[in-house]
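K.L.:
entry_35.txt is reproduced in full below (compact mmCIF, N, CA and C atoms).
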```
# COMPACT_ATOMS: atom_id res chain seq x y z
N MET A 1 10.44 -1.54 35.10
CA MET A 1 9.80 -2.84 35.05
C MET A 1 9.07 -3.05 33.72
N ARG A 2 8.53 -2.00 33.13
CA ARG A 2 7.80 -2.13 31.88
C ARG A 2 8.69 -2.66 30.76
N GLY A 3 9.92 -2.18 30.69
CA GLY A 3 10.85 -2.65 29.66
C GLY A 3 11.13 -4.13 29.81
N GLY A 4 11.17 -4.63 31.02
CA GLY A 4 11.41 -6.05 31.27
C GLY A 4 10.28 -6.91 30.74
N VAL A 5 9.06 -6.44 30.88
CA VAL A 5 7.90 -7.18 30.38
C VAL A 5 7.95 -7.28 28.86
N ALA A 6 8.37 -6.22 28.21
CA ALA A 6 8.46 -6.22 26.75
C ALA A 6 9.44 -7.29 26.26
N TRP A 7 10.54 -7.47 26.97
CA TRP A 7 11.52 -8.47 26.57
C TRP A 7 11.00 -9.89 26.76
N ILE A 8 10.05 -10.06 27.64
CA ILE A 8 9.45 -11.38 27.84
C ILE A 8 8.53 -11.71 26.66
N PHE A 9 7.78 -10.74 26.19
CA PHE A 9 6.81 -10.98 25.12
C PHE A 9 7.41 -10.91 23.72
N LEU A 10 8.53 -10.25 23.56
CA LEU A 10 9.16 -10.12 22.25
C LEU A 10 9.46 -11.48 21.60
N PRO A 11 10.07 -12.43 22.31
CA PRO A 11 10.31 -13.73 21.67
C PRO A 11 9.02 -14.43 21.24
N MET A 12 7.96 -14.29 22.02
CA MET A 12 6.70 -14.91 21.64
C MET A 12 6.14 -14.28 20.37
N VAL A 13 6.24 -12.99 20.25
CA VAL A 13 5.75 -12.29 19.06
C VAL A 13 6.56 -12.72 17.84
N LEU A 14 7.88 -12.82 18.01
CA LEU A 14 8.73 -13.23 16.89
C LEU A 14 8.44 -14.67 16.47
N LEU A 15 8.15 -15.54 17.43
CA LEU A 15 7.81 -16.92 17.09
C LEU A 15 6.50 -17.02 16.33
N LEU A 16 5.56 -16.16 16.64
CA LEU A 16 4.25 -16.21 16.01
C LEU A 16 4.22 -15.58 14.62
N CYS A 17 5.21 -14.76 14.32
CA CYS A 17 5.28 -14.15 12.99
C CYS A 17 5.50 -15.24 11.95
N GLY A 18 4.82 -15.16 10.87
CA GLY A 18 4.98 -16.15 9.82
C GLY A 18 4.13 -17.39 10.04
N CYS A 19 3.18 -17.31 10.94
CA CYS A 19 2.31 -18.46 11.20
C CYS A 19 1.38 -18.70 10.02
N ALA A 20 1.22 -19.96 9.67
CA ALA A 20 0.31 -20.31 8.57
C ALA A 20 -1.09 -20.54 9.12
N THR A 21 -2.06 -19.97 8.45
CA THR A 21 -3.46 -20.24 8.76
C THR A 21 -4.06 -20.94 7.56
N LEU A 22 -5.24 -21.50 7.74
CA LEU A 22 -5.90 -22.15 6.61
C LEU A 22 -6.18 -21.14 5.49
N THR A 23 -6.55 -19.93 5.86
CA THR A 23 -6.83 -18.89 4.87
C THR A 23 -5.57 -18.51 4.11
N SER A 24 -4.45 -18.37 4.82
CA SER A 24 -3.21 -17.98 4.15
C SER A 24 -2.72 -19.08 3.21
N VAL A 25 -2.87 -20.33 3.61
CA VAL A 25 -2.43 -21.44 2.76
C VAL A 25 -3.31 -21.51 1.51
N ARG A 26 -4.60 -21.31 1.67
CA ARG A 26 -5.51 -21.31 0.51
C ARG A 26 -5.13 -20.20 -0.47
N GLY A 27 -4.66 -19.08 0.05
CA GLY A 27 -4.28 -17.95 -0.80
C GLY A 27 -2.97 -18.16 -1.55
N GLU A 28 -2.28 -19.26 -1.31
CA GLU A 28 -1.00 -19.52 -1.98
C GLU A 28 -1.15 -20.40 -3.22
N ARG A 29 -2.36 -20.52 -3.70
CA ARG A 29 -2.59 -21.33 -4.91
C ARG A 29 -1.61 -20.93 -6.01
N GLY A 30 -1.04 -21.95 -6.66
CA GLY A 30 -0.05 -21.70 -7.70
C GLY A 30 1.37 -21.79 -7.20
N ARG A 31 1.57 -22.00 -5.89
CA ARG A 31 2.91 -22.06 -5.32
C ARG A 31 3.25 -23.42 -4.72
N GLY A 32 2.43 -24.42 -5.01
CA GLY A 32 2.64 -25.75 -4.44
C GLY A 32 3.14 -26.74 -5.46
N SER A 33 3.13 -28.00 -5.06
CA SER A 33 3.51 -29.10 -5.95
C SER A 33 2.25 -29.61 -6.63
N SER A 34 2.36 -29.96 -7.91
CA SER A 34 1.16 -30.41 -8.63
C SER A 34 1.48 -31.56 -9.57
N ARG A 35 0.43 -32.30 -9.89
CA ARG A 35 0.50 -33.39 -10.86
C ARG A 35 -0.81 -33.44 -11.62
N VAL A 36 -0.72 -34.00 -12.82
CA VAL A 36 -1.93 -34.24 -13.61
C VAL A 36 -2.18 -35.74 -13.61
N TYR A 37 -3.41 -36.11 -13.31
CA TYR A 37 -3.82 -37.51 -13.27
C TYR A 37 -4.79 -37.78 -14.41
N GLN A 38 -4.66 -38.95 -15.01
CA GLN A 38 -5.56 -39.36 -16.09
C GLN A 38 -6.79 -40.02 -15.47
N ALA A 39 -7.63 -39.19 -14.88
CA ALA A 39 -8.86 -39.64 -14.24
C ALA A 39 -9.82 -38.46 -14.21
N PRO A 40 -11.13 -38.74 -14.25
CA PRO A 40 -12.11 -37.65 -14.21
C PRO A 40 -12.10 -36.92 -12.86
N PHE A 41 -12.54 -35.69 -12.89
CA PHE A 41 -12.57 -34.84 -11.70
C PHE A 41 -13.25 -35.53 -10.52
N GLU A 42 -14.42 -36.11 -10.73
CA GLU A 42 -15.20 -36.71 -9.65
C GLU A 42 -14.43 -37.83 -8.96
N THR A 43 -13.74 -38.64 -9.74
CA THR A 43 -12.94 -39.73 -9.18
C THR A 43 -11.79 -39.18 -8.36
N VAL A 44 -11.09 -38.20 -8.91
CA VAL A 44 -9.95 -37.61 -8.21
C VAL A 44 -10.42 -36.90 -6.94
N TRP A 45 -11.55 -36.22 -7.00
CA TRP A 45 -12.08 -35.54 -5.82
C TRP A 45 -12.34 -36.54 -4.68
N LYS A 46 -12.98 -37.63 -5.03
CA LYS A 46 -13.29 -38.67 -4.04
C LYS A 46 -12.01 -39.25 -3.44
N LYS A 47 -11.04 -39.55 -4.28
CA LYS A 47 -9.77 -40.13 -3.82
C LYS A 47 -8.93 -39.11 -3.04
N ALA A 48 -9.05 -37.84 -3.36
CA ALA A 48 -8.33 -36.80 -2.61
C ALA A 48 -8.85 -36.75 -1.17
N ASN A 49 -10.16 -36.85 -1.01
CA ASN A 49 -10.75 -36.91 0.33
C ASN A 49 -10.25 -38.14 1.09
N GLN A 50 -10.23 -39.28 0.40
CA GLN A 50 -9.74 -40.51 1.02
C GLN A 50 -8.26 -40.38 1.41
N THR A 51 -7.48 -39.71 0.58
CA THR A 51 -6.06 -39.53 0.86
C THR A 51 -5.86 -38.72 2.13
N LEU A 52 -6.62 -37.63 2.29
CA LEU A 52 -6.51 -36.83 3.52
C LEU A 52 -6.82 -37.68 4.75
N LYS A 53 -7.86 -38.48 4.66
CA LYS A 53 -8.24 -39.34 5.80
C LYS A 53 -7.18 -40.39 6.06
N LEU A 54 -6.65 -41.00 5.01
CA LEU A 54 -5.62 -42.01 5.15
C LEU A 54 -4.35 -41.44 5.80
N LEU A 55 -4.00 -40.22 5.44
CA LEU A 55 -2.82 -39.57 6.01
C LEU A 55 -3.10 -38.93 7.37
N GLN A 56 -4.33 -39.06 7.83
CA GLN A 56 -4.78 -38.52 9.12
C GLN A 56 -4.65 -37.00 9.18
N LEU A 57 -4.99 -36.36 8.07
CA LEU A 57 -5.07 -34.91 8.01
C LEU A 57 -6.54 -34.54 8.20
N GLY A 58 -6.82 -33.76 9.21
CA GLY A 58 -8.20 -33.39 9.50
C GLY A 58 -8.75 -32.40 8.50
N ILE A 59 -9.84 -32.75 7.86
CA ILE A 59 -10.45 -31.87 6.87
C ILE A 59 -11.18 -30.74 7.60
N ALA A 60 -10.75 -29.51 7.34
CA ALA A 60 -11.35 -28.34 7.98
C ALA A 60 -12.40 -27.69 7.08
N GLU A 61 -12.19 -27.80 5.77
CA GLU A 61 -13.13 -27.20 4.82
C GLU A 61 -13.07 -27.96 3.50
N SER A 62 -14.23 -28.15 2.90
CA SER A 62 -14.32 -28.86 1.64
C SER A 62 -15.29 -28.13 0.73
N ASN A 63 -14.84 -27.78 -0.49
CA ASN A 63 -15.69 -27.07 -1.42
C ASN A 63 -15.49 -27.67 -2.82
N GLN A 64 -16.31 -28.66 -3.16
CA GLN A 64 -16.16 -29.34 -4.44
C GLN A 64 -16.44 -28.40 -5.60
N LYS A 65 -17.41 -27.51 -5.45
CA LYS A 65 -17.75 -26.59 -6.54
C LYS A 65 -16.56 -25.71 -6.92
N GLN A 66 -15.83 -25.22 -5.91
CA GLN A 66 -14.65 -24.39 -6.18
C GLN A 66 -13.37 -25.23 -6.27
N GLY A 67 -13.47 -26.53 -5.96
CA GLY A 67 -12.35 -27.45 -6.15
C GLY A 67 -11.22 -27.33 -5.15
N TYR A 68 -11.54 -27.14 -3.87
CA TYR A 68 -10.46 -27.12 -2.89
C TYR A 68 -10.85 -27.82 -1.60
N LEU A 69 -9.82 -28.34 -0.94
CA LEU A 69 -9.94 -28.95 0.38
C LEU A 69 -8.89 -28.30 1.28
N LEU A 70 -9.27 -27.98 2.49
CA LEU A 70 -8.32 -27.45 3.47
C LEU A 70 -8.23 -28.44 4.62
N ALA A 71 -7.01 -28.75 5.02
CA ALA A 71 -6.81 -29.73 6.08
C ALA A 71 -5.71 -29.24 7.02
N GLU A 72 -5.65 -29.89 8.18
CA GLU A 72 -4.64 -29.50 9.16
C GLU A 72 -4.30 -30.66 10.08
N THR A 73 -3.13 -30.53 10.68
CA THR A 73 -2.73 -31.44 11.74
C THR A 73 -2.59 -30.62 13.00
N GLY A 74 -2.73 -31.27 14.10
CA GLY A 74 -2.61 -30.58 15.38
C GLY A 74 -1.20 -30.65 15.94
N ILE A 75 -1.06 -30.18 17.13
CA ILE A 75 0.22 -30.20 17.83
C ILE A 75 0.57 -31.64 18.18
N SER A 76 1.84 -31.98 17.98
CA SER A 76 2.34 -33.29 18.37
C SER A 76 3.64 -33.11 19.15
N ALA A 77 4.27 -34.19 19.50
CA ALA A 77 5.53 -34.12 20.22
C ALA A 77 6.63 -33.44 19.40
N PHE A 78 6.48 -33.45 18.08
CA PHE A 78 7.53 -32.92 17.21
C PHE A 78 7.13 -31.71 16.38
N SER A 79 5.88 -31.30 16.46
CA SER A 79 5.42 -30.25 15.57
C SER A 79 4.30 -29.42 16.20
N TRP A 80 4.24 -28.16 15.80
CA TRP A 80 3.11 -27.29 16.18
C TRP A 80 1.95 -27.48 15.23
N GLY A 81 2.13 -28.34 14.23
CA GLY A 81 1.06 -28.63 13.28
C GLY A 81 1.37 -28.07 11.90
N GLU A 82 0.55 -28.50 10.95
CA GLU A 82 0.70 -28.06 9.58
C GLU A 82 -0.67 -27.71 9.01
N ARG A 83 -0.67 -26.87 7.99
CA ARG A 83 -1.88 -26.50 7.26
C ARG A 83 -1.67 -26.96 5.81
N VAL A 84 -2.69 -27.57 5.24
CA VAL A 84 -2.58 -28.13 3.89
C VAL A 84 -3.77 -27.68 3.05
N ALA A 85 -3.49 -27.21 1.84
CA ALA A 85 -4.54 -26.88 0.87
C ALA A 85 -4.36 -27.81 -0.32
N VAL A 86 -5.48 -28.38 -0.78
CA VAL A 86 -5.48 -29.26 -1.95
C VAL A 86 -6.45 -28.64 -2.97
N PHE A 87 -5.94 -28.39 -4.16
CA PHE A 87 -6.75 -27.83 -5.23
C PHE A 87 -6.92 -28.89 -6.32
N VAL A 88 -8.17 -29.19 -6.66
CA VAL A 88 -8.48 -30.19 -7.68
C VAL A 88 -9.14 -29.45 -8.84
N GLU A 89 -8.51 -29.54 -10.01
CA GLU A 89 -8.96 -28.76 -11.17
C GLU A 89 -9.20 -29.66 -12.38
N ARG A 90 -10.39 -29.59 -12.92
CA ARG A 90 -10.74 -30.36 -14.13
C ARG A 90 -10.00 -29.77 -15.32
N ILE A 91 -9.27 -30.62 -16.04
CA ILE A 91 -8.61 -30.18 -17.27
C ILE A 91 -9.52 -30.49 -18.45
N ASP A 92 -9.98 -31.74 -18.52
CA ASP A 92 -10.98 -32.16 -19.51
C ASP A 92 -11.73 -33.34 -18.89
N THR A 93 -12.48 -34.07 -19.67
CA THR A 93 -13.32 -35.13 -19.10
C THR A 93 -12.52 -36.28 -18.51
N SER A 94 -11.25 -36.43 -18.90
CA SER A 94 -10.47 -37.56 -18.40
C SER A 94 -9.15 -37.17 -17.75
N SER A 95 -8.92 -35.87 -17.52
CA SER A 95 -7.68 -35.41 -16.90
C SER A 95 -7.98 -34.40 -15.80
N THR A 96 -7.26 -34.52 -14.69
CA THR A 96 -7.47 -33.65 -13.55
C THR A 96 -6.12 -33.26 -12.95
N ARG A 97 -5.97 -31.99 -12.69
CA ARG A 97 -4.74 -31.47 -12.07
C ARG A 97 -4.99 -31.30 -10.58
N VAL A 98 -4.00 -31.73 -9.76
CA VAL A 98 -4.08 -31.56 -8.31
C VAL A 98 -2.84 -30.81 -7.85
N GLU A 99 -3.07 -29.76 -7.08
CA GLU A 99 -1.98 -29.00 -6.48
C GLU A 99 -2.12 -29.09 -4.96
N VAL A 100 -1.00 -29.28 -4.29
CA VAL A 100 -0.98 -29.38 -2.83
C VAL A 100 0.01 -28.36 -2.28
N ILE A 101 -0.46 -27.63 -1.28
CA ILE A 101 0.39 -26.66 -0.59
C ILE A 101 0.41 -27.05 0.88
N SER A 102 1.59 -27.22 1.43
CA SER A 102 1.75 -27.60 2.83
C SER A 102 2.63 -26.56 3.52
N ARG A 103 2.13 -26.03 4.63
CA ARG A 103 2.88 -25.02 5.38
C ARG A 103 2.88 -25.34 6.87
N LYS A 104 3.97 -25.00 7.52
CA LYS A 104 4.09 -25.17 8.97
C LYS A 104 3.21 -24.13 9.66
N VAL A 105 2.64 -24.51 10.79
CA VAL A 105 1.88 -23.53 11.57
C VAL A 105 2.82 -22.44 12.07
N MET A 106 4.01 -22.83 12.49
CA MET A 106 5.01 -21.86 12.94
C MET A 106 6.24 -21.99 12.06
N ALA A 107 6.72 -20.89 11.56
CA ALA A 107 7.86 -20.90 10.65
C ALA A 107 9.11 -21.48 11.28
N THR A 108 9.24 -21.40 12.59
CA THR A 108 10.44 -21.88 13.28
C THR A 108 10.40 -23.38 13.55
N ASN A 109 9.34 -24.05 13.17
CA ASN A 109 9.17 -25.48 13.45
C ASN A 109 9.94 -26.32 12.43
N ILE A 110 11.12 -26.79 12.80
CA ILE A 110 11.96 -27.53 11.86
C ILE A 110 11.52 -28.98 11.68
N PHE A 111 10.67 -29.48 12.56
CA PHE A 111 10.25 -30.87 12.47
C PHE A 111 8.91 -31.07 11.77
N ALA A 112 8.29 -30.01 11.32
CA ALA A 112 6.97 -30.12 10.65
C ALA A 112 7.10 -30.90 9.35
N GLU A 113 6.11 -31.69 9.06
CA GLU A 113 6.07 -32.50 7.84
C GLU A 113 5.67 -31.64 6.65
N ASN A 114 6.29 -31.92 5.50
CA ASN A 114 5.83 -31.32 4.25
C ASN A 114 4.98 -32.39 3.57
N TRP A 115 3.69 -32.13 3.45
CA TRP A 115 2.73 -33.13 2.97
C TRP A 115 2.58 -33.17 1.45
N GLU A 116 3.22 -32.27 0.72
CA GLU A 116 2.97 -32.16 -0.71
C GLU A 116 3.25 -33.46 -1.47
N SER A 117 4.47 -33.93 -1.45
CA SER A 117 4.82 -35.16 -2.20
C SER A 117 4.13 -36.37 -1.62
N ARG A 118 4.06 -36.43 -0.30
CA ARG A 118 3.42 -37.58 0.35
C ARG A 118 1.95 -37.69 -0.07
N PHE A 119 1.25 -36.55 -0.11
CA PHE A 119 -0.14 -36.55 -0.54
C PHE A 119 -0.26 -36.99 -2.00
N LEU A 120 0.52 -36.38 -2.88
CA LEU A 120 0.43 -36.69 -4.31
C LEU A 120 0.78 -38.15 -4.59
N ASP A 121 1.79 -38.69 -3.91
CA ASP A 121 2.16 -40.10 -4.09
C ASP A 121 1.05 -41.03 -3.61
N THR A 122 0.46 -40.72 -2.46
CA THR A 122 -0.61 -41.55 -1.92
C THR A 122 -1.84 -41.49 -2.81
N LEU A 123 -2.17 -40.30 -3.31
CA LEU A 123 -3.29 -40.14 -4.22
C LEU A 123 -3.08 -40.99 -5.47
N GLU A 124 -1.89 -40.98 -6.00
CA GLU A 124 -1.59 -41.76 -7.20
C GLU A 124 -1.81 -43.26 -6.94
N VAL A 125 -1.37 -43.73 -5.79
CA VAL A 125 -1.57 -45.16 -5.45
C VAL A 125 -3.07 -45.47 -5.38
N LEU A 126 -3.84 -44.60 -4.72
CA LEU A 126 -5.28 -44.84 -4.63
C LEU A 126 -5.97 -44.82 -5.98
N LEU A 127 -5.53 -43.93 -6.86
CA LEU A 127 -6.13 -43.86 -8.18
C LEU A 127 -5.79 -45.08 -9.05
N ASN A 128 -4.68 -45.73 -8.75
CA ASN A 128 -4.25 -46.88 -9.55
C ASN A 128 -4.75 -48.21 -8.99
N GLN A 129 -5.52 -48.18 -7.93
CA GLN A 129 -6.06 -49.42 -7.35
C GLN A 129 -7.24 -49.92 -8.13
```
Please lay out the structure from this file as structure tokens.

P.N.:
Amino acid sequence: MRGGVAWIFLPMVLLLCGCATLTSVRGERGRGSSRVYQAPFETVWKKANQTLKLLQLGIAESNQKQGYLLAETGISAFSWGERVAVFVERIDTSSTRVEVISRKVMATNIFAENWESRFLDTLEVLLNQ
């Protein structure tokens, strides 16, 4: 009977392998999509926060001093959720680089949204208003 129980839990363990956490996504800095905007850091920081809210990504952590935002979506009919890290980096007084990393909560989730381009495009629209 013990061997039978193992076969029940094995698929669950395999499904959970490769799960993205907010900490793991934050640790992937340098592996996402990025753009440089011709706007000061403070302006881009404010608009990045607005972008997360507009896209209905829940802000889990915000650290302006270190220049990062961590956000997530919950479980929906089509997804187990996503984890998103946004890095805002001052280049000079009038230029700011933004990098976005989006990862599925579960690696096997084929319907999870990739927020990288969507975030960067929305941020650009907000900055040009």

K.L.:
Report as JSON, numbers by chain: the residues of segment 15-71 of chain A with a DSSP assignment of helix (DSSP H, G or I), based on the backbone of this structure.

P.N.:
{"A": [15, 16, 22, 23, 24, 25, 26, 41, 42, 43, 44, 45, 46, 47, 48, 49, 50, 51, 52, 53, 54]}

K.L.:
Between atom CA of Gln64 of chain A and atom N of Leu126 of chain A, what is the distance in Å, rounded to a tenth?

P.N.:
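Here the two named atoms are 19.6 Å from each other.
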
K.L.:
Could you name the residues that touch Val86 of chain A at 6 Å or less, counting only C-alpha atoms, but leaving out those on the same chain fewer than 3 positions away, as number ranges by chain?

P.N.:
A: 68-69, 99-100

K.L.:
Tell me which of A:Glu124, A:Glu28, A:Glu113, A:Glu42 sits closest to Glu82 of chain A, counting only N, CA and C atoms.

P.N.:
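Selected residue with least distance to Glu82 of chain A: A:Glu113.
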
K.L.:
Tell me, in Å to one decimal, how far atom CA of Ala71 of chain A is from atom C of Ile59 of chain A.

P.N.:
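So the answer is 4.7 Å.
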
K.L.:
Could you check how far atom CA of Val44 of chain A sits from atom CA of Leu123 of chain A, in Å to one decimal?

P.N.:
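So the two atoms, atom CA of Val44 of chain A and atom CA of Leu123 of chain A, lie 8.2 Å apart.
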
K.L.:
Quick one: everything within 7 Å of Ser94 of chain A, counting only C-alpha atoms, minus sequence neighbours fewer than 2 positions away in the same chain. Send it as a list in words.

P.N.:
Gln38, Ala39, Pro40, Asp92 and Thr96 of chain A

K.L.:
Write out the residues from the selection above, keeping N, CA and C atoms, as an mmCIF file, in the frame of the given file.

P.N.:
```cif
data_model
loop_
_atom_site.group_PDB
_atom_site.id
_atom_site.type_symbol
_atom_site.label_atom_id
_atom_site.label_comp_id
_atom_site.auth_asym_id
_atom_site.auth_seq_id
_atom_site.Cartn_x
_atom_site.Cartn_y
_atom_site.Cartn_z
ATOM 1 N N GLN A 38 -4.660 -38.950 -15.010
ATOM 2 C CA GLN A 38 -5.560 -39.360 -16.090
ATOM 3 C C GLN A 38 -6.790 -40.020 -15.470
ATOM 4 N N ALA A 39 -7.630 -39.190 -14.880
ATOM 5 C CA ALA A 39 -8.860 -39.640 -14.240
ATOM 6 C C ALA A 39 -9.820 -38.460 -14.210
ATOM 7 N N PRO A 40 -11.130 -38.740 -14.250
ATOM 8 C CA PRO A 40 -12.110 -37.650 -14.210
ATOM 9 C C PRO A 40 -12.100 -36.920 -12.860
ATOM 10 N N ASP A 92 -9.980 -31.740 -18.520
ATOM 11 C CA ASP A 92 -10.980 -32.160 -19.510
ATOM 12 C C ASP A 92 -11.730 -33.340 -18.890
ATOM 13 N N THR A 96 -7.260 -34.520 -14.690
ATOM 14 C CA THR A 96 -7.470 -33.650 -13.550
ATOM 15 C C THR A 96 -6.120 -33.260 -12.950
#
```

K.L.:
Applying 8 Å and only C-alpha atoms, which residues near Arg103 of chain A remain after dropping the ones on its own chain fewer than 6 positions away? List them as a PyMOL selection string.

P.N.:
chain A and resi 20+25+82-84+114

K.L.:
Generate the output file for the selected residues, N, CA and C atoms, as a compact mmCIF listing (two decimals), in the frame of the given file.

P.N.:
```txt
# COMPACT_ATOMS: atom_id res chain seq x y z
N ALA A 20 1.22 -19.96 9.67
CA ALA A 20 0.31 -20.31 8.57
C ALA A 20 -1.09 -20.54 9.12
N VAL A 25 -2.87 -20.33 3.61
CA VAL A 25 -2.43 -21.44 2.76
C VAL A 25 -3.31 -21.51 1.51
N GLU A 82 0.55 -28.50 10.95
CA GLU A 82 0.70 -28.06 9.58
C GLU A 82 -0.67 -27.71 9.01
N ARG A 83 -0.67 -26.87 7.99
CA ARG A 83 -1.88 -26.50 7.26
C ARG A 83 -1.67 -26.96 5.81
N VAL A 84 -2.69 -27.57 5.24
CA VAL A 84 -2.58 -28.13 3.89
C VAL A 84 -3.77 -27.68 3.05
N ASN A 114 6.29 -31.92 5.50
CA ASN A 114 5.83 -31.32 4.25
C ASN A 114 4.98 -32.39 3.57
```

K.L.:
Need to verify the contact set: Thr122 of chain A, 9 Å, only C-alpha atoms, exclusion of same-chain residues closer than 3 positions in sequence. Can you return it as a ChimeraX atom specification?

P.N.:
/A:51,54-55,117-119,125-127

K.L.:
I'd like the contact shell of Gly58 of chain A - 8 Å cut-off, all atoms listed in the file, skipping same-chain residues fewer than 6 positions apart - returned as an MDAnalysis selection string.

P.N.:
chainID A and resid 52 70:74
